[in-house]
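Colleague: Okay, so here is upload18.txt, and as you'll see once you scroll down, it has compact mmCIF, C-alpha atoms.
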```
# COMPACT_ATOMS: atom_id res chain seq x y z
CA MET U 182 114.77 145.94 116.46
CA THR U 183 113.79 149.59 115.98
CA GLN U 184 110.93 151.25 117.82
CA SER U 185 108.91 151.24 114.58
CA ASP U 186 109.52 147.51 114.17
CA GLN U 187 108.44 146.90 117.75
CA LEU U 188 105.24 148.88 117.22
CA LEU U 189 104.54 146.96 114.03
CA GLU U 190 105.10 143.67 115.83
CA ALA U 191 102.74 144.74 118.60
CA LEU U 192 100.02 145.65 116.13
CA GLU U 193 100.54 142.37 114.30
CA GLY U 194 100.16 140.54 117.61
CA GLN U 195 96.83 142.23 118.19
CA ALA U 196 95.77 141.44 114.65
CA ARG U 197 96.58 137.76 115.06
CA ARG U 198 94.54 137.59 118.24
CA ARG U 199 91.60 139.21 116.51
CA GLU U 200 91.90 137.42 113.16
CA GLY U 201 88.80 135.40 113.89
CA ARG U 202 86.80 138.61 114.16
CA ARG U 203 87.64 139.87 110.65
CA ALA U 204 85.28 137.41 109.00
CA PHE U 205 82.49 138.58 111.26
CA PHE U 206 82.93 142.20 110.24
CA ARG U 207 83.09 141.36 106.54
CA ALA U 208 79.93 139.29 106.83
CA ALA U 209 78.22 141.99 108.86
CA VAL U 210 78.97 144.64 106.29
CA GLY U 211 77.90 142.35 103.46
CA ALA U 212 74.59 141.68 105.18
CA ALA U 213 74.10 145.36 106.03
CA ALA U 214 74.22 144.49 109.72
CA ILE U 215 76.05 147.74 110.25
CA GLY U 216 73.79 150.58 109.25
CA ALA U 217 70.10 150.55 108.45
CA GLY U 218 69.82 146.79 108.93
CA SER U 219 71.73 146.66 112.20
CA PHE U 220 68.85 145.16 114.18
CA LEU U 221 68.13 141.51 113.48
CA VAL U 222 64.37 141.18 113.06
CA ALA U 223 62.13 138.48 111.65
CA ASN U 224 62.10 139.90 108.13
CA ARG U 225 62.74 143.02 106.10
CA ALA U 226 59.14 144.18 106.33
CA ALA U 227 59.31 144.00 110.12
CA ALA U 228 62.54 146.00 110.08
CA GLN U 229 60.82 148.75 108.14
CA THR U 230 58.05 149.03 110.73
CA LEU U 231 60.41 149.94 113.56
CA THR U 232 60.16 153.59 114.51
CA ASP U 233 62.65 155.86 116.21
CA ALA U 234 60.54 155.51 119.35
CA ASP U 235 60.90 151.71 119.21
CA VAL U 236 64.69 152.01 119.02
CA LEU U 237 64.91 154.62 121.79
CA ASN U 238 62.62 152.59 124.03
CA PHE U 239 64.82 149.54 123.58
CA ALA U 240 67.76 151.67 124.67
CA LEU U 241 65.71 152.99 127.60
CA ASN U 242 65.17 149.44 128.92
CA LEU U 243 68.94 148.93 128.98
CA GLU U 244 69.48 152.29 130.65
CA TYR U 245 66.97 151.35 133.37
CA LEU U 246 69.11 148.28 134.08
CA GLU U 247 72.42 150.12 134.18
CA ALA U 248 71.11 153.11 136.09
CA ASN U 249 69.60 150.94 138.83
CA PHE U 250 72.74 148.86 139.26
CA TYR U 251 74.91 151.94 139.67
CA SER U 252 72.35 153.78 141.76
CA TYR U 253 72.23 150.90 144.22
CA ALA U 254 76.02 150.54 144.24
CA VAL U 255 76.66 154.24 144.87
CA PHE U 256 73.59 155.54 146.71
CA GLY U 257 72.07 152.35 148.12
CA THR U 258 68.72 152.95 146.42
CA PRO U 259 67.07 152.33 143.03
CA ILE U 260 66.50 155.26 140.70
CA ALA U 261 63.79 157.79 141.61
CA ALA U 262 60.14 156.82 141.31
CA THR U 263 59.64 159.87 139.06
CA SER U 264 61.89 158.22 136.45
CA VAL U 265 60.19 154.84 136.00
CA GLY U 266 56.60 155.33 134.78
CA GLY U 267 55.33 154.85 131.26
CA THR U 268 53.65 152.42 128.89
CA GLY U 269 53.84 148.66 129.20
CA THR U 270 54.09 146.58 132.33
CA PRO U 271 55.78 148.49 135.16
CA GLY U 272 58.10 146.76 137.58
CA ALA U 273 60.56 147.43 140.38
CA ALA U 274 64.35 147.11 140.42
CA THR U 275 65.29 145.03 143.42
CA GLY U 276 68.15 143.28 145.17
CA GLY U 277 70.91 145.85 145.13
CA ARG U 278 72.71 147.64 147.93
CA ALA U 279 75.50 150.16 148.42
CA VAL U 280 79.10 149.09 147.89
CA ARG U 281 81.53 149.92 150.70
CA PHE U 282 84.27 151.07 148.35
CA SER U 283 87.80 150.78 149.67
CA ASP U 284 89.49 152.43 146.68
CA PRO U 285 88.56 156.13 146.40
CA ILE U 286 89.29 156.10 142.67
CA VAL U 287 86.82 153.28 142.06
CA ALA U 288 84.28 155.12 144.22
CA GLN U 289 84.70 158.29 142.16
CA HIS U 290 84.37 156.40 138.89
CA ALA U 291 81.25 154.64 140.15
CA ARG U 292 79.68 157.92 141.22
CA GLU U 293 80.35 159.54 137.83
CA ILE U 294 78.93 156.59 135.91
CA ALA U 295 75.86 156.42 138.16
CA LEU U 296 75.02 160.06 137.54
CA ASP U 297 75.53 159.63 133.78
CA GLU U 298 73.32 156.55 133.58
CA ILE U 299 70.52 158.20 135.55
CA ALA U 300 70.84 161.20 133.23
CA HIS U 301 70.54 158.87 130.21
CA VAL U 302 67.27 157.48 131.59
CA ASN U 303 65.83 160.93 132.14
CA PHE U 304 67.03 162.21 128.76
CA LEU U 305 65.51 159.32 126.81
CA ARG U 306 62.26 159.63 128.75
CA GLN U 307 62.15 163.34 127.96
CA GLN U 308 62.72 162.71 124.25
CA LEU U 309 60.06 160.00 124.12
CA GLY U 310 57.48 161.86 126.17
CA ALA U 311 54.21 159.94 126.50
CA ALA U 312 55.66 157.13 124.34
CA ALA U 313 58.31 156.23 126.93
CA VAL U 314 58.06 152.69 128.25
CA ALA U 315 57.85 152.02 131.95
CA GLN U 316 60.72 150.47 133.81
CA PRO U 317 60.22 146.69 133.67
CA THR U 318 60.96 144.30 136.52
CA ILE U 319 64.72 144.28 137.02
CA ASP U 320 66.78 141.86 139.10
CA VAL U 321 70.12 143.31 140.22
CA GLY U 322 70.25 141.16 143.34
CA THR U 323 72.65 138.54 144.62
CA ALA U 324 70.41 135.48 145.10
CA ALA U 325 71.60 132.18 143.66
CA GLY U 326 68.91 132.28 140.98
CA GLY U 327 69.22 136.02 140.33
CA GLY U 328 70.74 137.91 137.44
CA PHE U 329 74.30 138.39 138.66
CA SER U 330 74.72 134.92 140.12
CA SER U 331 73.21 133.33 137.03
CA ALA U 332 75.51 135.36 134.79
CA ALA U 333 78.54 134.41 136.88
CA ARG U 334 77.49 130.76 136.73
CA VAL U 335 77.10 130.87 132.93
CA ALA U 336 80.61 132.33 132.74
CA GLY U 337 82.07 129.78 135.14
CA VAL U 338 83.10 132.47 137.62
CA ILE U 339 81.11 130.50 140.20
CA THR U 340 79.96 126.88 140.13
CA GLY U 341 77.12 125.04 141.78
CA ALA U 342 73.39 125.77 141.86
CA ASP U 343 73.59 127.37 145.30
CA ALA U 344 76.68 129.51 144.64
CA THR U 345 76.23 133.27 144.51
CA PHE U 346 78.05 136.24 143.07
CA ASP U 347 77.71 139.58 144.87
CA PRO U 348 78.79 142.63 142.84
CA TYR U 349 78.29 144.82 145.91
CA ALA U 350 80.69 142.89 148.16
CA SER U 351 83.94 144.56 147.08
CA ASP U 352 85.51 146.99 144.64
CA GLU U 353 86.68 144.09 142.50
CA ASN U 354 83.27 142.41 142.36
CA PHE U 355 81.66 145.73 141.51
CA LEU U 356 84.09 146.21 138.62
CA LEU U 357 83.24 142.77 137.24
CA GLY U 358 79.51 143.55 137.47
CA ALA U 359 80.11 146.84 135.67
CA PHE U 360 82.26 145.06 133.07
CA LEU U 361 79.33 142.82 132.25
CA PHE U 362 77.00 145.76 131.57
CA GLU U 363 79.22 148.44 130.06
CA ASP U 364 80.64 146.44 127.18
CA VAL U 365 77.15 145.27 126.24
CA GLY U 366 75.82 148.83 126.39
CA VAL U 367 78.51 150.06 124.01
CA THR U 368 77.76 147.35 121.46
CA ALA U 369 74.01 147.92 121.78
CA TYR U 370 74.29 151.60 120.83
CA LYS U 371 76.78 150.78 118.06
CA GLY U 372 74.24 148.37 116.60
CA SER U 373 71.21 150.62 116.98
CA VAL U 374 72.21 154.02 115.60
CA GLY U 375 71.74 152.91 112.00
CA LEU U 376 67.99 152.40 112.44
CA LEU U 377 67.30 155.93 113.62
CA THR U 378 66.03 158.42 111.02
CA ASN U 379 65.74 161.65 113.01
CA LYS U 380 69.09 163.46 112.91
CA THR U 381 68.60 164.85 116.40
CA TYR U 382 68.10 161.34 117.76
CA ILE U 383 71.07 160.04 115.78
CA ASP U 384 73.27 162.74 117.31
CA ALA U 385 71.97 161.98 120.80
CA ALA U 386 72.43 158.22 120.41
CA ALA U 387 75.97 158.76 119.15
CA GLY U 388 76.63 160.94 122.19
CA ILE U 389 75.30 158.30 124.59
CA HIS U 390 77.32 155.65 122.76
CA ALA U 391 80.46 157.73 123.33
CA ALA U 392 79.65 158.15 127.02
CA GLU U 393 79.10 154.40 127.39
CA ALA U 394 82.44 153.78 125.68
CA TYR U 395 84.17 156.14 128.14
CA HIS U 396 82.53 154.23 131.00
CA ALA U 397 83.62 150.89 129.59
CA ALA U 398 87.16 152.19 129.17
CA MET U 399 87.26 153.33 132.80
CA ILE U 400 86.09 149.93 133.99
CA ARG U 401 88.40 147.98 131.68
CA THR U 402 91.40 150.17 132.56
CA THR U 403 90.82 149.80 136.30
CA LEU U 404 90.42 146.03 135.99
CA ASP U 405 93.59 145.91 133.91
CA GLN U 406 95.51 147.79 136.60
CA LYS U 407 94.10 145.78 139.50
CA GLY U 408 94.65 142.59 137.54
CA ILE U 409 98.41 143.02 137.84
CA ALA U 410 98.17 142.18 141.54
CA THR U 411 95.08 139.96 141.21
CA PRO U 412 95.32 137.91 137.98
CA THR U 413 91.97 136.22 138.63
CA LEU U 414 90.30 139.51 137.72
CA ILE U 415 91.73 139.27 134.22
CA ALA U 416 90.76 135.62 133.97
CA ASN U 417 87.21 136.47 135.03
CA THR U 418 86.87 139.14 132.33
CA GLU U 419 87.88 136.52 129.79
CA ALA U 420 85.33 134.08 131.23
CA ILE U 421 82.56 136.72 131.08
CA SER U 422 83.58 137.66 127.55
CA ASN U 423 83.47 134.02 126.43
CA ALA U 424 80.03 133.62 128.01
CA ARG U 425 78.71 136.64 126.12
CA ASP U 426 80.07 135.13 122.91
CA ARG U 427 78.29 131.85 123.61
CA LEU U 428 75.02 133.62 124.31
CA ASP U 429 74.94 135.99 121.34
CA GLY U 430 75.96 133.64 118.53
CA SER U 431 78.84 131.74 117.00
CA ALA U 432 80.96 134.73 115.94
CA ASP U 433 83.94 135.43 118.21
CA ILE U 434 83.49 139.18 118.58
CA ASP U 435 83.70 139.80 122.33
CA GLN U 436 86.96 140.45 124.18
CA GLY U 437 88.12 140.39 127.77
CA ILE U 438 91.11 142.42 128.86
CA ALA U 439 93.89 139.84 128.77
CA ARG U 440 97.01 141.43 127.36
CA VAL U 441 98.71 140.44 124.11
CA SER U 442 102.35 139.37 124.07
CA SER U 443 104.65 140.64 121.34
CA ALA U 444 108.28 141.48 120.69
CA ALA U 445 107.53 144.97 122.01
CA GLY U 446 106.25 143.56 125.28
CA GLU U 447 102.76 143.21 126.63
CA VAL U 448 100.10 145.16 124.77
CA ALA U 449 96.97 146.24 126.65
CA ASN U 450 93.49 145.45 125.35
CA ILE U 451 91.46 148.29 126.85
CA ALA U 452 89.54 149.01 123.64
CA PRO U 453 87.89 145.85 122.25
CA THR U 454 88.24 146.40 118.50
CA ASP U 455 88.83 144.38 115.37
CA ALA U 456 92.08 144.23 113.38
CA ASN U 457 91.22 147.63 111.86
CA GLY U 458 90.75 149.26 115.26
CA ILE U 459 86.96 149.41 114.84
CA ALA U 460 84.59 148.64 117.70
CA PHE U 461 81.86 146.10 117.03
CA GLY U 462 78.11 146.27 117.48
CA ARG U 463 75.36 143.85 118.43
CA THR U 464 71.83 143.48 117.18
CA ALA U 465 69.00 144.11 119.62
CA GLN U 466 68.32 140.40 119.73
CA GLN U 467 71.95 139.59 120.55
CA VAL U 468 71.85 142.10 123.38
CA LEU U 469 68.69 140.48 124.72
CA ASN U 470 70.35 137.05 124.52
CA ILE U 471 72.95 138.38 126.94
CA VAL U 472 70.74 140.23 129.41
CA TYR U 473 68.20 137.37 129.38
CA LEU U 474 71.15 134.95 129.84
CA ASN U 475 69.72 132.64 127.20
CA ALA U 476 71.02 131.63 123.76
CA ALA U 477 67.48 130.72 122.64
CA ALA U 478 64.69 132.93 121.33
CA VAL U 479 62.93 134.01 124.53
CA THR U 480 61.13 137.09 125.84
CA ALA U 481 62.31 137.14 129.45
CA GLY U 482 64.98 135.95 131.84
CA GLY U 483 68.19 136.90 133.59
CA PHE U 484 68.22 140.54 134.61
CA PHE U 485 64.70 141.05 133.18
CA PRO U 486 62.59 138.26 134.77
CA ALA U 487 59.41 139.48 133.05
CA GLY U 488 61.09 140.78 129.90
CA VAL U 489 61.55 144.33 128.65
CA ASN U 490 58.84 146.75 127.61
CA GLY U 491 58.30 148.00 124.07
CA THR U 492 58.21 146.60 120.56
CA ILE U 493 61.67 145.01 120.63
CA ARG U 494 61.30 142.27 123.25
CA SER U 495 62.57 138.93 121.95
CA SER U 496 66.06 137.52 121.74
CA ALA U 497 67.01 135.20 118.87
CA LEU U 498 68.20 131.63 118.58
CA SER U 499 71.97 131.93 118.52
CA ALA U 500 73.52 130.20 115.51
```
Please go through the file and, once you have read it, give me the structure as structure tokens.

Modeller:
Amino acid sequence: MTQSDQLLEALEGQARRREGRRAFFRAAVGAAAIGAGSFLVANRAAAQTLTDADVLNFALNLEYLEANFYSYAVFGTPIAATSVGGTGTPGAATGGRAVRFSDPIVAQHAREIALDEIAHVNFLRQQLGAAAVAQPTIDVGTAAGGGFSSAARVAGVITGADATFDPYASDENFLLGAFLFEDVGVTAYKGSVGLLTNKTYIDAAAGIHAAEAYHAAMIRTTLDQKGIATPTLIANTEAISNARDRLDGSADIDQGIARVSSAAGEVANIAPTDANGIAFGRTAQQVLNIVYLNAAAVTAGGFFPAGVNGTIRSSALSA
């Protein structure tokens, strides 16, 4: 078999694994889920009432979550008090602590991502000005009923009502916690850009989306490498991916990092794309299903015990 044949076989192997996702993308395009209708809202009239500020504030809620997780993991503290005020119901981010990193590469990656996520919070707040929403109550702790443990339980990474998952306990646990957030952040920005009308905001959102994708790639690559020696890491990414799929609807769009076998050998799955090599997006409601850890239409739960602030607050009943 020639090298070209091997490459073709490898690509065909990826395509077979992702065949179930093609229908989703065709349906999404047909329903205008990618583009101006990318947010799932109650009706078309409601979609037309969303402003750029509504979309940016939804993104800001997610950035508050990510920034606080990484800030705790790297610096041992939540983000600065000067970066949390605004409209809506203010809340604190609690439960995190510094990770005692053993791998200097993971520590460096964590530090870079932390600084980027804090910068995203401050940038969005600057763009929104007085319209910026306040940081809501955020649970990034390790209690049995908290966000991370509940997410791990939904995924089957832990079992039992009293079991806990601590993303600050080790490099590997930190990477799994980051894997949960980064992939969702990428899909959230992919699904939101189409609703923005201001070209400056579109450019900024695209830039943040790219940064989130770089972060996700760093996390996925590191898990892939560490998974060679510790296969349970790979299995846990698949479990988390499957849980996200269960929470956000019936379409099989999410992907862990398990490799694909082909005649050319194992093929990595660092970039979660469809058969055409295109990354997928999520609606705002699908994103909230995941961070609320609930497949029903709710306005709070999981990592946001009191919900998010702003116009876009409710998840949707997953079909």

Colleague: Using all atoms listed in the file, determine which residues lie at most 6 Å from Gly372 (chain U), disregarding the query and same-chain residues fewer than 2 positions distant; provide the list as a PyMOL selection string.

Modeller: chain U and resi 219+369-370+462-464

Colleague: Counting only C-alpha atoms, what is within 12 Å of Leu309 (chain U), bar same-chain residues fewer than 3 positions away, as a ChimeraX atom specification?

Modeller: /U:232-241,267-268,302-306,312-315,382

Colleague: Name the closest residue to Ile471 (chain U) among the candidates U:Val441, U:Ala336, U:Leu376, U:Ala273; distances are taken between atoms, counting all atoms listed in the file.

Modeller: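 Using all atoms listed in the file, the shortest distance to Ile471 (chain U) belongs to U:Ala336.
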
Colleague: Give me, as a tab-separated table, the closest atom pair and its distance (Å, one decimal) for every residue of region 404-431 of chain U within a cut-off of 12 Å of region 341-356 of chain U, counting only C-alpha atoms, rows sorted by chain and rising number.

Modeller:
```
residue	atom	partner	partner_atom	distance
U:Leu404	CA	U:Leu356	CA	6.9
U:Asp405	CA	U:Leu356	CA	10.6
U:Gln406	CA	U:Glu353	CA	11.2
U:Lys407	CA	U:Glu353	CA	8.2
U:Gly408	CA	U:Glu353	CA	9.5
U:Ala410	CA	U:Glu353	CA	11.7
U:Thr411	CA	U:Glu353	CA	9.4
U:Pro412	CA	U:Glu353	CA	11.5
U:Thr413	CA	U:Glu353	CA	10.2
U:Leu414	CA	U:Glu353	CA	7.5
U:Ile415	CA	U:Glu353	CA	10.8
U:Asn417	CA	U:Asn354	CA	10.2
U:Thr418	CA	U:Leu356	CA	9.9
```

Colleague: I'd like a table as a Markdown table: residues in region 305-417 of chain U with an atom no more than 8 Å from region 475-492 of chain U, each row giving the shortest atom pair and its distance in Å to one decimal, all atoms listed in the file counted, sorted by chain and rising residue number.

Modeller:
```
| residue | atom | partner | partner_atom | distance |
| --- | --- | --- | --- | --- |
| U:Val314 | CA | U:Asn490 | CA | 6.0 |
| U:Ala315 | CA | U:Asn490 | CA | 6.9 |
| U:Gln316 | CA | U:Asn490 | CA | 7.5 |
| U:Pro317 | CA | U:Val489 | CA | 5.7 |
| U:Thr318 | CA | U:Phe485 | CA | 6.0 |
| U:Ile319 | CA | U:Phe485 | CA | 5.0 |
| U:Asp320 | CA | U:Phe484 | CA | 4.9 |
| U:Val321 | CA | U:Phe484 | CA | 6.5 |
| U:Gly327 | CA | U:Gly483 | CA | 6.9 |
| U:Gly328 | CA | U:Phe484 | CA | 4.6 |
| U:Phe329 | CA | U:Phe484 | CA | 7.6 |
| U:Ser331 | CA | U:Gly483 | CA | 7.1 |
| U:Ala332 | CA | U:Gly483 | CA | 7.6 |
```

Colleague: Kindly give the distance, in Å, that separates CA of Ser496 (chain U) and CA of Ala432 (chain U), rounded to a single decimal.

Modeller: 16.2 Å

Colleague: Work out how far apart CA of Ala295 (chain U) and CA of Val255 (chain U) are and give it in Å to one decimal.

Modeller: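 Going from CA of Ala295 (chain U) over to CA of Val255 (chain U) covers 7.1 Å.
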
Colleague: Closest to Val338 (chain U) among U:Ser431, U:Thr258, U:Thr403, U:Ser422, using all atoms listed in the file?

Modeller: U:Ser422

Colleague: May I ask which of the residues U:Gly326, U:Asp364, U:Ile389, U:Pro285 is the closest one to Glu298 (chain U), counting only C-alpha atoms?

Modeller: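 Residue with the minimum atom-to-atom distance to Glu298 (chain U): U:Ile389.
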
Colleague: Would you compute the distance between CA of Ile438 (chain U) and CA of Glu393 (chain U)? Give it in Å to one decimal.

Modeller: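 The value is 17.0 Å.
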
Colleague: Between U:Val448, U:Val280, U:Ala497, U:Ala386, single out the one closest to Gly366 (chain U), counting all atoms listed in the file.

Modeller: U:Ala386

Colleague: Can you save region 233-255 of chain U of the given block to a file, including N, CA and C atoms and formatted as a PDB file, in the first residue's frame?

Modeller:
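As a result, decode.pdb now contains:
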```pdb
ATOM      1  N   ASP U 233     -26.352  42.490  20.330  1.00  0.00           N
ATOM      2  CA  ASP U 233     -24.954  42.104  20.468  1.00  0.00           C
ATOM      3  C   ASP U 233     -24.561  42.023  21.939  1.00  0.00           C
ATOM      4  N   ALA U 234     -25.101  42.933  22.742  1.00  0.00           N
ATOM      5  CA  ALA U 234     -24.787  42.916  24.176  1.00  0.00           C
ATOM      6  C   ALA U 234     -25.295  41.634  24.831  1.00  0.00           C
ATOM      7  N   ASP U 235     -26.465  41.142  24.416  1.00  0.00           N
ATOM      8  CA  ASP U 235     -26.982  39.889  24.962  1.00  0.00           C
ATOM      9  C   ASP U 235     -26.025  38.734  24.663  1.00  0.00           C
ATOM     10  N   VAL U 236     -25.548  38.684  23.434  1.00  0.00           N
ATOM     11  CA  VAL U 236     -24.651  37.604  23.017  1.00  0.00           C
ATOM     12  C   VAL U 236     -23.312  37.694  23.758  1.00  0.00           C
ATOM     13  N   LEU U 237     -22.760  38.906  23.837  1.00  0.00           N
ATOM     14  CA  LEU U 237     -21.473  39.078  24.520  1.00  0.00           C
ATOM     15  C   LEU U 237     -21.607  38.791  26.014  1.00  0.00           C
ATOM     16  N   ASN U 238     -22.729  39.151  26.603  1.00  0.00           N
ATOM     17  CA  ASN U 238     -22.914  38.866  28.028  1.00  0.00           C
ATOM     18  C   ASN U 238     -23.051  37.367  28.287  1.00  0.00           C
ATOM     19  N   PHE U 239     -23.686  36.648  27.366  1.00  0.00           N
ATOM     20  CA  PHE U 239     -23.723  35.200  27.513  1.00  0.00           C
ATOM     21  C   PHE U 239     -22.306  34.650  27.506  1.00  0.00           C
ATOM     22  N   ALA U 240     -21.493  35.120  26.573  1.00  0.00           N
ATOM     23  CA  ALA U 240     -20.098  34.685  26.515  1.00  0.00           C
ATOM     24  C   ALA U 240     -19.356  35.070  27.786  1.00  0.00           C
ATOM     25  N   LEU U 241     -19.657  36.244  28.333  1.00  0.00           N
ATOM     26  CA  LEU U 241     -18.984  36.704  29.546  1.00  0.00           C
ATOM     27  C   LEU U 241     -19.261  35.767  30.721  1.00  0.00           C
ATOM     28  N   ASN U 242     -20.487  35.279  30.845  1.00  0.00           N
ATOM     29  CA  ASN U 242     -20.792  34.309  31.905  1.00  0.00           C
ATOM     30  C   ASN U 242     -19.889  33.090  31.812  1.00  0.00           C
ATOM     31  N   LEU U 243     -19.696  32.578  30.597  1.00  0.00           N
ATOM     32  CA  LEU U 243     -18.841  31.408  30.405  1.00  0.00           C
ATOM     33  C   LEU U 243     -17.386  31.732  30.705  1.00  0.00           C
ATOM     34  N   GLU U 244     -16.968  32.942  30.349  1.00  0.00           N
ATOM     35  CA  GLU U 244     -15.589  33.342  30.631  1.00  0.00           C
ATOM     36  C   GLU U 244     -15.354  33.493  32.129  1.00  0.00           C
ATOM     37  N   TYR U 245     -16.362  33.969  32.865  1.00  0.00           N
ATOM     38  CA  TYR U 245     -16.239  34.023  34.327  1.00  0.00           C
ATOM     39  C   TYR U 245     -15.954  32.626  34.881  1.00  0.00           C
ATOM     40  N   LEU U 246     -16.673  31.634  34.358  1.00  0.00           N
ATOM     41  CA  LEU U 246     -16.487  30.263  34.833  1.00  0.00           C
ATOM     42  C   LEU U 246     -15.083  29.760  34.535  1.00  0.00           C
ATOM     43  N   GLU U 247     -14.665  29.885  33.296  1.00  0.00           N
ATOM     44  CA  GLU U 247     -13.341  29.392  32.908  1.00  0.00           C
ATOM     45  C   GLU U 247     -12.230  30.141  33.635  1.00  0.00           C
ATOM     46  N   ALA U 248     -12.343  31.455  33.671  1.00  0.00           N
ATOM     47  CA  ALA U 248     -11.290  32.265  34.276  1.00  0.00           C
ATOM     48  C   ALA U 248     -11.113  31.920  35.753  1.00  0.00           C
ATOM     49  N   ASN U 249     -12.208  31.709  36.463  1.00  0.00           N
ATOM     50  CA  ASN U 249     -12.091  31.379  37.885  1.00  0.00           C
ATOM     51  C   ASN U 249     -11.496  30.001  38.107  1.00  0.00           C
ATOM     52  N   PHE U 250     -11.875  29.031  37.294  1.00  0.00           N
ATOM     53  CA  PHE U 250     -11.279  27.701  37.425  1.00  0.00           C
ATOM     54  C   PHE U 250      -9.771  27.763  37.242  1.00  0.00           C
ATOM     55  N   TYR U 251      -9.328  28.408  36.190  1.00  0.00           N
ATOM     56  CA  TYR U 251      -7.889  28.472  35.926  1.00  0.00           C
ATOM     57  C   TYR U 251      -7.163  29.361  36.923  1.00  0.00           C
ATOM     58  N   SER U 252      -7.813  30.445  37.349  1.00  0.00           N
ATOM     59  CA  SER U 252      -7.186  31.312  38.326  1.00  0.00           C
ATOM     60  C   SER U 252      -6.946  30.575  39.636  1.00  0.00           C
ATOM     61  N   TYR U 253      -7.941  29.819  40.080  1.00  0.00           N
ATOM     62  CA  TYR U 253      -7.757  29.000  41.277  1.00  0.00           C
ATOM     63  C   TYR U 253      -6.638  27.988  41.071  1.00  0.00           C
ATOM     64  N   ALA U 254      -6.673  27.278  39.939  1.00  0.00           N
ATOM     65  CA  ALA U 254      -5.716  26.203  39.695  1.00  0.00           C
ATOM     66  C   ALA U 254      -4.279  26.712  39.645  1.00  0.00           C
ATOM     67  N   VAL U 255      -4.089  27.898  39.076  1.00  0.00           N
ATOM     68  CA  VAL U 255      -2.732  28.428  38.892  1.00  0.00           C
ATOM     69  C   VAL U 255      -2.299  29.323  40.046  1.00  0.00           C
TER      70      VAL U 255
END
```
